[in-house]
Each structure stands twice: as C-alpha cells, then as structure tokens.
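Text of query16.txt, listed as compact mmCIF, C-alpha atoms:
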# COMPACT_ATOMS: atom_id res chain seq x y z
CA MET A 1 16.30 93.58 10.19
CA THR A 2 19.39 91.43 10.06
CA GLY A 3 21.51 90.17 12.89
CA ALA A 4 22.94 87.18 14.63
CA HIS A 5 19.64 86.37 16.34
CA HIS A 6 17.43 83.71 14.84
CA ARG A 7 13.85 84.79 14.21
CA PRO A 8 11.63 81.96 15.42
CA ARG A 9 9.72 80.26 12.62
CA VAL A 10 6.11 79.25 13.16
CA LEU A 11 4.15 77.16 10.68
CA ILE A 12 0.54 78.30 10.34
CA ALA A 13 -1.64 75.38 9.19
CA GLU A 14 -4.89 77.11 8.26
CA ASP A 15 -7.17 76.80 5.23
CA ASP A 16 -9.03 80.12 5.57
CA PRO A 17 -7.17 82.72 3.46
CA ASP A 18 -8.36 85.69 5.58
CA THR A 19 -7.22 84.03 8.82
CA LEU A 20 -3.88 83.14 7.20
CA VAL A 21 -3.26 86.77 6.25
CA ILE A 22 -4.19 88.07 9.71
CA LEU A 23 -1.93 85.53 11.42
CA ARG A 24 0.95 86.04 8.99
CA VAL A 25 0.92 89.84 9.37
CA ASN A 26 0.60 89.77 13.17
CA LEU A 27 3.23 87.07 13.74
CA ASN A 28 5.64 88.89 11.45
CA ALA A 29 5.06 92.15 13.37
CA ALA A 30 5.81 90.26 16.61
CA GLY A 31 9.23 89.17 15.33
CA ILE A 32 8.16 85.68 14.29
CA GLU A 33 8.77 84.36 10.78
CA PRO A 34 5.51 82.83 9.55
CA MET A 35 5.47 79.75 7.33
CA LEU A 36 2.20 78.78 5.63
CA ALA A 37 0.35 75.54 4.93
CA GLY A 38 -3.20 75.47 3.59
CA ASP A 39 -3.88 71.80 4.32
CA GLY A 40 -2.78 69.00 6.63
CA HIS A 41 -0.63 67.16 4.10
CA THR A 42 1.39 70.29 3.32
CA ALA A 43 1.69 71.01 7.04
CA LEU A 44 3.20 67.56 7.70
CA GLU A 45 5.60 67.92 4.77
CA ARG A 46 6.80 71.37 5.89
CA ILE A 47 7.17 70.29 9.53
CA GLU A 48 9.34 67.34 8.48
CA ALA A 49 11.39 69.24 5.90
CA GLU A 50 11.80 72.63 7.59
CA SER A 51 11.59 71.98 11.35
CA PRO A 52 9.68 75.08 12.48
CA ASP A 53 10.04 76.28 16.07
CA ALA A 54 6.28 75.85 16.62
CA VAL A 55 3.05 75.12 14.76
CA LEU A 56 -0.32 76.90 14.87
CA LEU A 57 -2.62 74.05 13.85
CA ASP A 58 -6.22 74.52 12.78
CA VAL A 59 -8.32 71.43 13.51
CA LEU A 60 -10.52 71.67 10.42
CA LEU A 61 -8.14 71.32 7.47
CA PRO A 62 -8.86 69.77 4.06
CA GLY A 63 -7.52 66.30 3.36
CA ILE A 64 -5.65 65.36 6.52
CA ASP A 65 -7.31 67.29 9.36
CA GLY A 66 -5.50 68.89 12.27
CA TRP A 67 -6.18 65.95 14.59
CA GLN A 68 -4.59 63.56 12.09
CA VAL A 69 -1.57 65.88 11.76
CA LEU A 70 -1.19 65.94 15.54
CA GLU A 71 -1.61 62.14 15.75
CA GLN A 72 1.05 61.57 13.08
CA LEU A 73 3.51 63.96 14.76
CA HIS A 74 2.88 62.22 18.10
CA ALA A 75 3.32 58.76 16.58
CA LYS A 76 6.63 59.79 14.96
CA GLY A 77 7.90 61.27 18.22
CA ASN A 78 8.16 64.74 16.68
CA THR A 79 8.32 67.20 19.58
CA VAL A 80 7.66 70.45 17.71
CA PRO A 81 5.43 72.56 20.01
CA VAL A 82 1.90 72.61 18.59
CA ILE A 83 -0.77 75.17 19.46
CA VAL A 84 -4.16 73.75 18.48
CA CYS A 85 -6.67 76.29 17.14
CA SER A 86 -10.29 75.16 17.14
CA GLY A 87 -13.78 76.55 16.90
CA LYS A 88 -14.86 74.01 19.55
CA ASP A 89 -14.68 75.01 23.19
CA ASN A 90 -15.12 71.69 24.98
CA ILE A 91 -13.20 69.59 27.47
CA HIS A 92 -13.09 66.54 25.16
CA ASP A 93 -11.09 68.36 22.48
CA LEU A 94 -8.89 70.03 25.10
CA GLN A 95 -8.06 66.61 26.59
CA ARG A 96 -7.47 65.11 23.16
CA ALA A 97 -5.03 67.93 22.32
CA ARG A 98 -3.20 67.37 25.62
CA GLU A 99 -2.97 63.60 25.07
CA LEU A 100 -1.48 64.17 21.61
CA GLY A 101 1.18 66.52 22.97
CA ALA A 102 -0.20 69.99 22.15
CA VAL A 103 1.29 72.76 24.30
CA ALA A 104 -1.79 75.01 24.04
CA TYR A 105 -5.38 75.02 22.84
CA LEU A 106 -6.88 78.28 21.59
CA VAL A 107 -10.58 78.65 20.82
CA LYS A 108 -11.66 80.54 17.70
CA PRO A 109 -12.47 83.27 17.25
CA PHE A 110 -9.37 84.05 19.26
CA ASP A 111 -8.09 87.36 20.45
CA ILE A 112 -5.06 88.05 18.23
CA ASP A 113 -3.11 89.61 21.11
CA ARG A 114 -3.62 86.45 23.19
CA LEU A 115 -2.57 84.26 20.27
CA ILE A 116 0.63 86.32 19.82
CA GLU A 117 1.27 86.16 23.58
CA VAL A 118 0.91 82.36 23.70
CA THR A 119 2.93 81.86 20.51
CA SER A 120 5.70 84.14 21.79
CA GLU A 121 5.82 82.18 25.05
CA VAL A 122 6.05 78.90 23.17
CA VAL A 123 8.95 80.04 20.95
CA GLY A 124 10.72 81.75 23.86
CA LEU A 125 10.45 85.38 22.71
CA ARG A 126 8.94 86.76 25.90
CA GLN A 127 11.04 87.54 28.92
CA GLY A 128 10.76 84.66 31.36
CA ALA A 129 9.43 82.35 28.68
CA PRO A 130 10.54 78.73 28.75
CA ALA A 131 13.64 77.96 26.70
CA ALA A 132 12.83 76.63 23.24
CA GLY A 133 9.12 76.77 24.04
CA ARG A 134 9.11 73.47 25.91
CA GLY A 135 7.27 74.76 28.98
CA THR A 136 3.59 75.27 29.53
CA ALA A 137 1.26 77.62 27.74
CA ALA A 138 -2.36 78.32 28.52
CA ASP A 139 -5.34 78.45 26.23
CA ALA A 140 -7.45 81.59 25.81
CA ASP A 141 -9.36 80.76 29.00
CA GLY A 142 -6.23 80.13 31.05
CA VAL A 143 -6.35 76.31 31.06
CA GLU A 144 -2.85 74.89 31.43
CA LEU A 145 -2.02 71.96 29.16
CA ALA A 146 1.33 70.77 30.46

Whole structure given in structure tokens:
Amino acid sequence: MTGAHHRPRVLIAEDDPDTLVILRVNLNAAGIEPMLAGDGHTALERIEAESPDAVLLDVLLPGIDGWQVLEQLHAKGNTVPVIVCSGKDNIHDLQRARELGAVAYLVKPFDIDRLIEVTSEVVGLRQGAPAAGRGTAADADGVELA
C-alpha cells in the first residue's frame, strides 16, 4: 500500500529467530514497518543510523545486552521510545526500565495482541494515542511507566 502517510518503523531487537518472525509478521499486519536486529550492537547501530519510531528491546541479547543498549541510549540522550521485553516479572527490572527511560515493560511470554496494542499506542497509530508515542504505555499487567 502506498500513500502519503508514513508507516511507523519499529526496530525489533531480539535474538530468538522464531520470536523475530512472529513479531515481524504481526507488526507488519498492524501497519508497522518492522526493522530487525539480532544483537545489542546491531540494535544500537540501527537506532543511530535509521532513527526508528520505537524499539522493542529484548533484555537478553548476545554481546551488548538489552540493559546496556538502554543505558547507552539514555546516556546519549536518545529519546526513541523503548518497550522493554523481558522474561522476568519483577519490580526491580520494571523500576530499572523506568529509570533508563523505557516507555513500557512487557513480560514474556507476552500476548501478541497486547504487544501490538502497546506498540501501536507508542507509535501513535491508535485513535487517541499520544502524538509521536511520547505519552505513557502500560506493561502487560497494566503498570504505567511514565
């Protein structure tokens, strides 16, 4: 589909090939252009070079992990909205994500519909969503981060 409207671009930083495919297919079907990174170093490079509208960031990545990616973005003042995806459901990691500027924290295994809903809110695709995804988004359990 072509047109004057910009399809939001979301970088998926995930090292599991099956999860990457599921996220890529579902984001694409939701009108979001997926970009892929299989490790933290590639994620940082693509964020800097291509300025995605948002990032889905797995915490456990090879090389530079998701926390280090988030720390480096925070230190550089990069304000790309980041949705942290983690297998850990604890308050410590939720607080750490908040302190490093994440807009949402989703616990794996996540419901794909919820992930699409949160991602769409962040990139401003849903009616009533914050402009440019700079508002709040909730994690899978409804915990507000901003």

Selection near A:Glu50, 12 Å with only C-alpha atoms, sequence-local residues under 3 positions removed, as a PDB file with C-alpha atoms, in the coordinates of the input:
ATOM      1  CA  ARG A   9       9.720  80.260  12.620  1.00  0.00           C
ATOM      2  CA  VAL A  10       6.110  79.250  13.160  1.00  0.00           C
ATOM      3  CA  LEU A  11       4.150  77.160  10.680  1.00  0.00           C
ATOM      4  CA  MET A  35       5.470  79.750   7.330  1.00  0.00           C
ATOM      5  CA  LEU A  36       2.200  78.780   5.630  1.00  0.00           C
ATOM      6  CA  THR A  42       1.390  70.290   3.320  1.00  0.00           C
ATOM      7  CA  ALA A  43       1.690  71.010   7.040  1.00  0.00           C
ATOM      8  CA  LEU A  44       3.200  67.560   7.700  1.00  0.00           C
ATOM      9  CA  GLU A  45       5.600  67.920   4.770  1.00  0.00           C
ATOM     10  CA  ARG A  46       6.800  71.370   5.890  1.00  0.00           C
ATOM     11  CA  ILE A  47       7.170  70.290   9.530  1.00  0.00           C
ATOM     12  CA  ASP A  53      10.040  76.280  16.070  1.00  0.00           C
ATOM     13  CA  ALA A  54       6.280  75.850  16.620  1.00  0.00           C
ATOM     14  CA  VAL A  55       3.050  75.120  14.760  1.00  0.00           C
ATOM     15  CA  VAL A  80       7.660  70.450  17.710  1.00  0.00           C
TER      16      VAL A  80
END

What lies within 6 Å of stretch 62-74 of chain A using only C-alpha atoms, ignoring chain neighbours under 6 positions off, as a PDB file with C-alpha atoms, in the coordinates of the input?
ATOM      1  CA  ASP A  39      -3.880  71.800   4.320  1.00  0.00           C
ATOM      2  CA  GLY A  40      -2.780  69.000   6.630  1.00  0.00           C
ATOM      3  CA  HIS A  41      -0.630  67.160   4.100  1.00  0.00           C
ATOM      4  CA  LEU A 100      -1.480  64.170  21.610  1.00  0.00           C
TER       5      LEU A 100
END

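The space separating atom CA of A:Leu61 from atom CA of A:Gly101 comes to 18.7 Å.
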
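Close contacts of A:Ile12, defined as residues with an atom at most 8 Å away when counting only C-alpha atoms, with chain neighbours fewer than 4 positions off set aside, comprise Leu20, Leu23, Arg24, Pro34, Met35, Leu36, Ala37, Val55, Leu56 and Leu57 of chain A.
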
Those residues with C-alpha atoms, as a compact mmCIF listing (two decimals), in the coordinates of the input please?
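Written file, again_34.txt:
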# COMPACT_ATOMS: atom_id res chain seq x y z
CA LEU A 20 -3.88 83.14 7.20
CA LEU A 23 -1.93 85.53 11.42
CA ARG A 24 0.95 86.04 8.99
CA PRO A 34 5.51 82.83 9.55
CA MET A 35 5.47 79.75 7.33
CA LEU A 36 2.20 78.78 5.63
CA ALA A 37 0.35 75.54 4.93
CA VAL A 55 3.05 75.12 14.76
CA LEU A 56 -0.32 76.90 14.87
CA LEU A 57 -2.62 74.05 13.85

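For the atom pair formed by atom CA of A:Ser86 and atom CA of A:Ala49, the distance is 25.1 Å, given to one decimal.
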
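Taking atom CA of A:Val25 and atom CA of A:Leu115 as the two end points, the separation is 12.7 Å.
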
Compile the contact shell of A:Asn26 as a ChimeraX atom specification: residues with an atom at most 9 Å away, counting only C-alpha atoms, same-chain residues fewer than 5 positions apart removed.
/A:21,31-32,112-113,116

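When all atoms listed in the file are used to measure the gap to A:Ile22, the shortest distance among A:Asp111, A:Val82, A:Ser120, A:Lys76 belongs to A:Asp111.
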
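In terms of minimum interatomic distance to A:Glu48, A:Gly77 ranks closest within A:Gly77, A:Val118, A:Asp18, A:Val123, counting only C-alpha atoms.
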
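In this comparison, which uses only C-alpha atoms, the residue of A:Leu60, A:Glu33, A:Pro81, A:Leu94 approaching A:Asp16 most closely is A:Leu60.
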
Might I get the box with edges along x, y and z of the file that holds all atoms of stretch 20-37 of chain A listed there, padded by 3 Å on every side, given as centre and edge lengths in Å to one decimal, as JSON?
{"center_x": 2.5, "center_y": 83.8, "center_z": 10.8, "size_x": 19.4, "size_y": 22.6, "size_z": 17.7}

C-alpha atoms of stretch 15-109 of chain A from block above, as a PDB file, in the first residue's frame:
ATOM      1  CA  ASP A  15      17.952 -12.905  19.182  1.00  0.00           C
ATOM      2  CA  ASP A  16      15.371 -15.710  19.001  1.00  0.00           C
ATOM      3  CA  PRO A  17      14.588 -16.338  15.300  1.00  0.00           C
ATOM      4  CA  ASP A  18      11.077 -17.699  15.985  1.00  0.00           C
ATOM      5  CA  THR A  19      10.145 -14.669  18.106  1.00  0.00           C
ATOM      6  CA  LEU A  20      11.582 -12.352  15.438  1.00  0.00           C
ATOM      7  CA  VAL A  21       9.381 -13.913  12.753  1.00  0.00           C
ATOM      8  CA  ILE A  22       6.243 -13.742  14.912  1.00  0.00           C
ATOM      9  CA  LEU A  23       6.880 -10.094  15.797  1.00  0.00           C
ATOM     10  CA  ARG A  24       7.815  -9.119  12.235  1.00  0.00           C
ATOM     11  CA  VAL A  25       4.683 -10.690  10.720  1.00  0.00           C
ATOM     12  CA  ASN A  26       2.317  -9.278  13.357  1.00  0.00           C
ATOM     13  CA  LEU A  27       3.772  -5.760  13.352  1.00  0.00           C
ATOM     14  CA  ASN A  28       3.660  -5.677   9.567  1.00  0.00           C
ATOM     15  CA  ALA A  29      -0.005  -6.777   9.616  1.00  0.00           C
ATOM     16  CA  ALA A  30      -0.722  -3.949  12.092  1.00  0.00           C
ATOM     17  CA  GLY A  31       0.637  -1.335   9.680  1.00  0.00           C
ATOM     18  CA  ILE A  32       4.059  -1.038  11.309  1.00  0.00           C
ATOM     19  CA  GLU A  33       7.266  -1.470   9.321  1.00  0.00           C
ATOM     20  CA  PRO A  34       9.500  -3.858  11.282  1.00  0.00           C
ATOM     21  CA  MET A  35      13.277  -3.450  11.335  1.00  0.00           C
ATOM     22  CA  LEU A  36      15.385  -6.296  12.733  1.00  0.00           C
ATOM     23  CA  ALA A  37      18.461  -6.577  14.941  1.00  0.00           C
ATOM     24  CA  GLY A  38      19.680  -9.898  16.317  1.00  0.00           C
ATOM     25  CA  ASP A  39      22.057  -8.460  18.921  1.00  0.00           C
ATOM     26  CA  GLY A  40      22.597  -5.343  21.012  1.00  0.00           C
ATOM     27  CA  HIS A  41      25.447  -3.918  18.941  1.00  0.00           C
ATOM     28  CA  THR A  42      23.394  -4.084  15.735  1.00  0.00           C
ATOM     29  CA  ALA A  43      20.423  -2.576  17.569  1.00  0.00           C
ATOM     30  CA  LEU A  44      22.489   0.445  18.669  1.00  0.00           C
ATOM     31  CA  GLU A  45      23.905   0.905  15.167  1.00  0.00           C
ATOM     32  CA  ARG A  46      20.460   0.761  13.524  1.00  0.00           C
ATOM     33  CA  ILE A  47      18.901   3.098  16.098  1.00  0.00           C
ATOM     34  CA  GLU A  48      21.631   5.680  15.472  1.00  0.00           C
ATOM     35  CA  ALA A  49      21.673   5.319  11.693  1.00  0.00           C
ATOM     36  CA  GLU A  50      17.975   4.832  10.926  1.00  0.00           C
ATOM     37  CA  SER A  51      16.065   6.579  13.742  1.00  0.00           C
ATOM     38  CA  PRO A  52      13.147   4.164  14.178  1.00  0.00           C
ATOM     39  CA  ASP A  53       9.891   5.440  15.670  1.00  0.00           C
ATOM     40  CA  ALA A  54      10.185   2.936  18.541  1.00  0.00           C
ATOM     41  CA  VAL A  55      12.211  -0.068  19.697  1.00  0.00           C
ATOM     42  CA  LEU A  56      11.078  -3.456  21.020  1.00  0.00           C
ATOM     43  CA  LEU A  57      14.091  -4.405  23.124  1.00  0.00           C
ATOM     44  CA  ASP A  58      14.739  -7.895  24.447  1.00  0.00           C
ATOM     45  CA  VAL A  59      16.789  -7.822  27.648  1.00  0.00           C
ATOM     46  CA  LEU A  60      18.791 -10.980  26.938  1.00  0.00           C
ATOM     47  CA  LEU A  61      20.754 -10.227  23.771  1.00  0.00           C
ATOM     48  CA  PRO A  62      24.187 -11.552  22.778  1.00  0.00           C
ATOM     49  CA  GLY A  63      27.165  -9.239  23.124  1.00  0.00           C
ATOM     50  CA  ILE A  64      25.687  -5.990  24.414  1.00  0.00           C
ATOM     51  CA  ASP A  65      22.533  -6.947  26.334  1.00  0.00           C
ATOM     52  CA  GLY A  66      19.282  -5.004  26.312  1.00  0.00           C
ATOM     53  CA  TRP A  67      20.076  -3.211  29.574  1.00  0.00           C
ATOM     54  CA  GLN A  68      23.369  -1.955  28.126  1.00  0.00           C
ATOM     55  CA  VAL A  69      21.557  -0.788  24.970  1.00  0.00           C
ATOM     56  CA  LEU A  70      19.047   1.107  27.097  1.00  0.00           C
ATOM     57  CA  GLU A  71      21.833   2.577  29.270  1.00  0.00           C
ATOM     58  CA  GLN A  72      23.765   3.777  26.202  1.00  0.00           C
ATOM     59  CA  LEU A  73      20.654   5.340  24.638  1.00  0.00           C
ATOM     60  CA  HIS A  74      19.870   7.063  27.948  1.00  0.00           C
ATOM     61  CA  ALA A  75      23.446   8.315  28.330  1.00  0.00           C
ATOM     62  CA  LYS A  76      23.421   9.747  24.782  1.00  0.00           C
ATOM     63  CA  GLY A  77      20.087  11.476  25.368  1.00  0.00           C
ATOM     64  CA  ASN A  78      18.424   9.441  22.610  1.00  0.00           C
ATOM     65  CA  THR A  79      14.670   9.705  23.205  1.00  0.00           C
ATOM     66  CA  VAL A  80      13.459   6.915  20.907  1.00  0.00           C
ATOM     67  CA  PRO A  81      10.568   5.207  22.751  1.00  0.00           C
ATOM     68  CA  VAL A  82      11.745   1.813  24.005  1.00  0.00           C
ATOM     69  CA  ILE A  83       9.469  -1.057  25.010  1.00  0.00           C
ATOM     70  CA  VAL A  84      11.476  -3.485  27.142  1.00  0.00           C
ATOM     71  CA  CYS A  85      10.619  -7.171  26.658  1.00  0.00           C
ATOM     72  CA  SER A  86      11.791  -9.495  29.418  1.00  0.00           C
ATOM     73  CA  GLY A  87      11.186 -12.956  30.774  1.00  0.00           C
ATOM     74  CA  LYS A  88      11.495 -11.515  34.300  1.00  0.00           C
ATOM     75  CA  ASP A  89       8.380 -10.261  36.026  1.00  0.00           C
ATOM     76  CA  ASN A  90       9.786  -8.350  38.981  1.00  0.00           C
ATOM     77  CA  ILE A  91       9.617  -4.821  40.352  1.00  0.00           C
ATOM     78  CA  HIS A  92      13.407  -4.350  40.249  1.00  0.00           C
ATOM     79  CA  ASP A  93      13.584  -4.757  36.464  1.00  0.00           C
ATOM     80  CA  LEU A  94      10.438  -2.667  35.987  1.00  0.00           C
ATOM     81  CA  GLN A  95      11.998   0.164  38.023  1.00  0.00           C
ATOM     82  CA  ARG A  96      15.306  -0.166  36.184  1.00  0.00           C
ATOM     83  CA  ALA A  97      13.492   0.108  32.833  1.00  0.00           C
ATOM     84  CA  ARG A  98      11.637   3.202  34.051  1.00  0.00           C
ATOM     85  CA  GLU A  99      14.836   4.854  35.328  1.00  0.00           C
ATOM     86  CA  LEU A 100      16.501   4.279  31.951  1.00  0.00           C
ATOM     87  CA  GLY A 101      13.615   5.878  30.068  1.00  0.00           C
ATOM     88  CA  ALA A 102      11.626   2.888  28.781  1.00  0.00           C
ATOM     89  CA  VAL A 103       8.010   3.714  27.928  1.00  0.00           C
ATOM     90  CA  ALA A 104       6.726   0.183  28.610  1.00  0.00           C
ATOM     91  CA  TYR A 105       7.799  -3.147  30.061  1.00  0.00           C
ATOM     92  CA  LEU A 106       6.258  -6.330  28.676  1.00  0.00           C
ATOM     93  CA  VAL A 107       6.787  -9.719  30.291  1.00  0.00           C
ATOM     94  CA  LYS A 108       7.455 -12.759  28.095  1.00  0.00           C
ATOM     95  CA  PRO A 109       5.740 -14.813  27.038  1.00  0.00           C
TER      96      PRO A 109
END
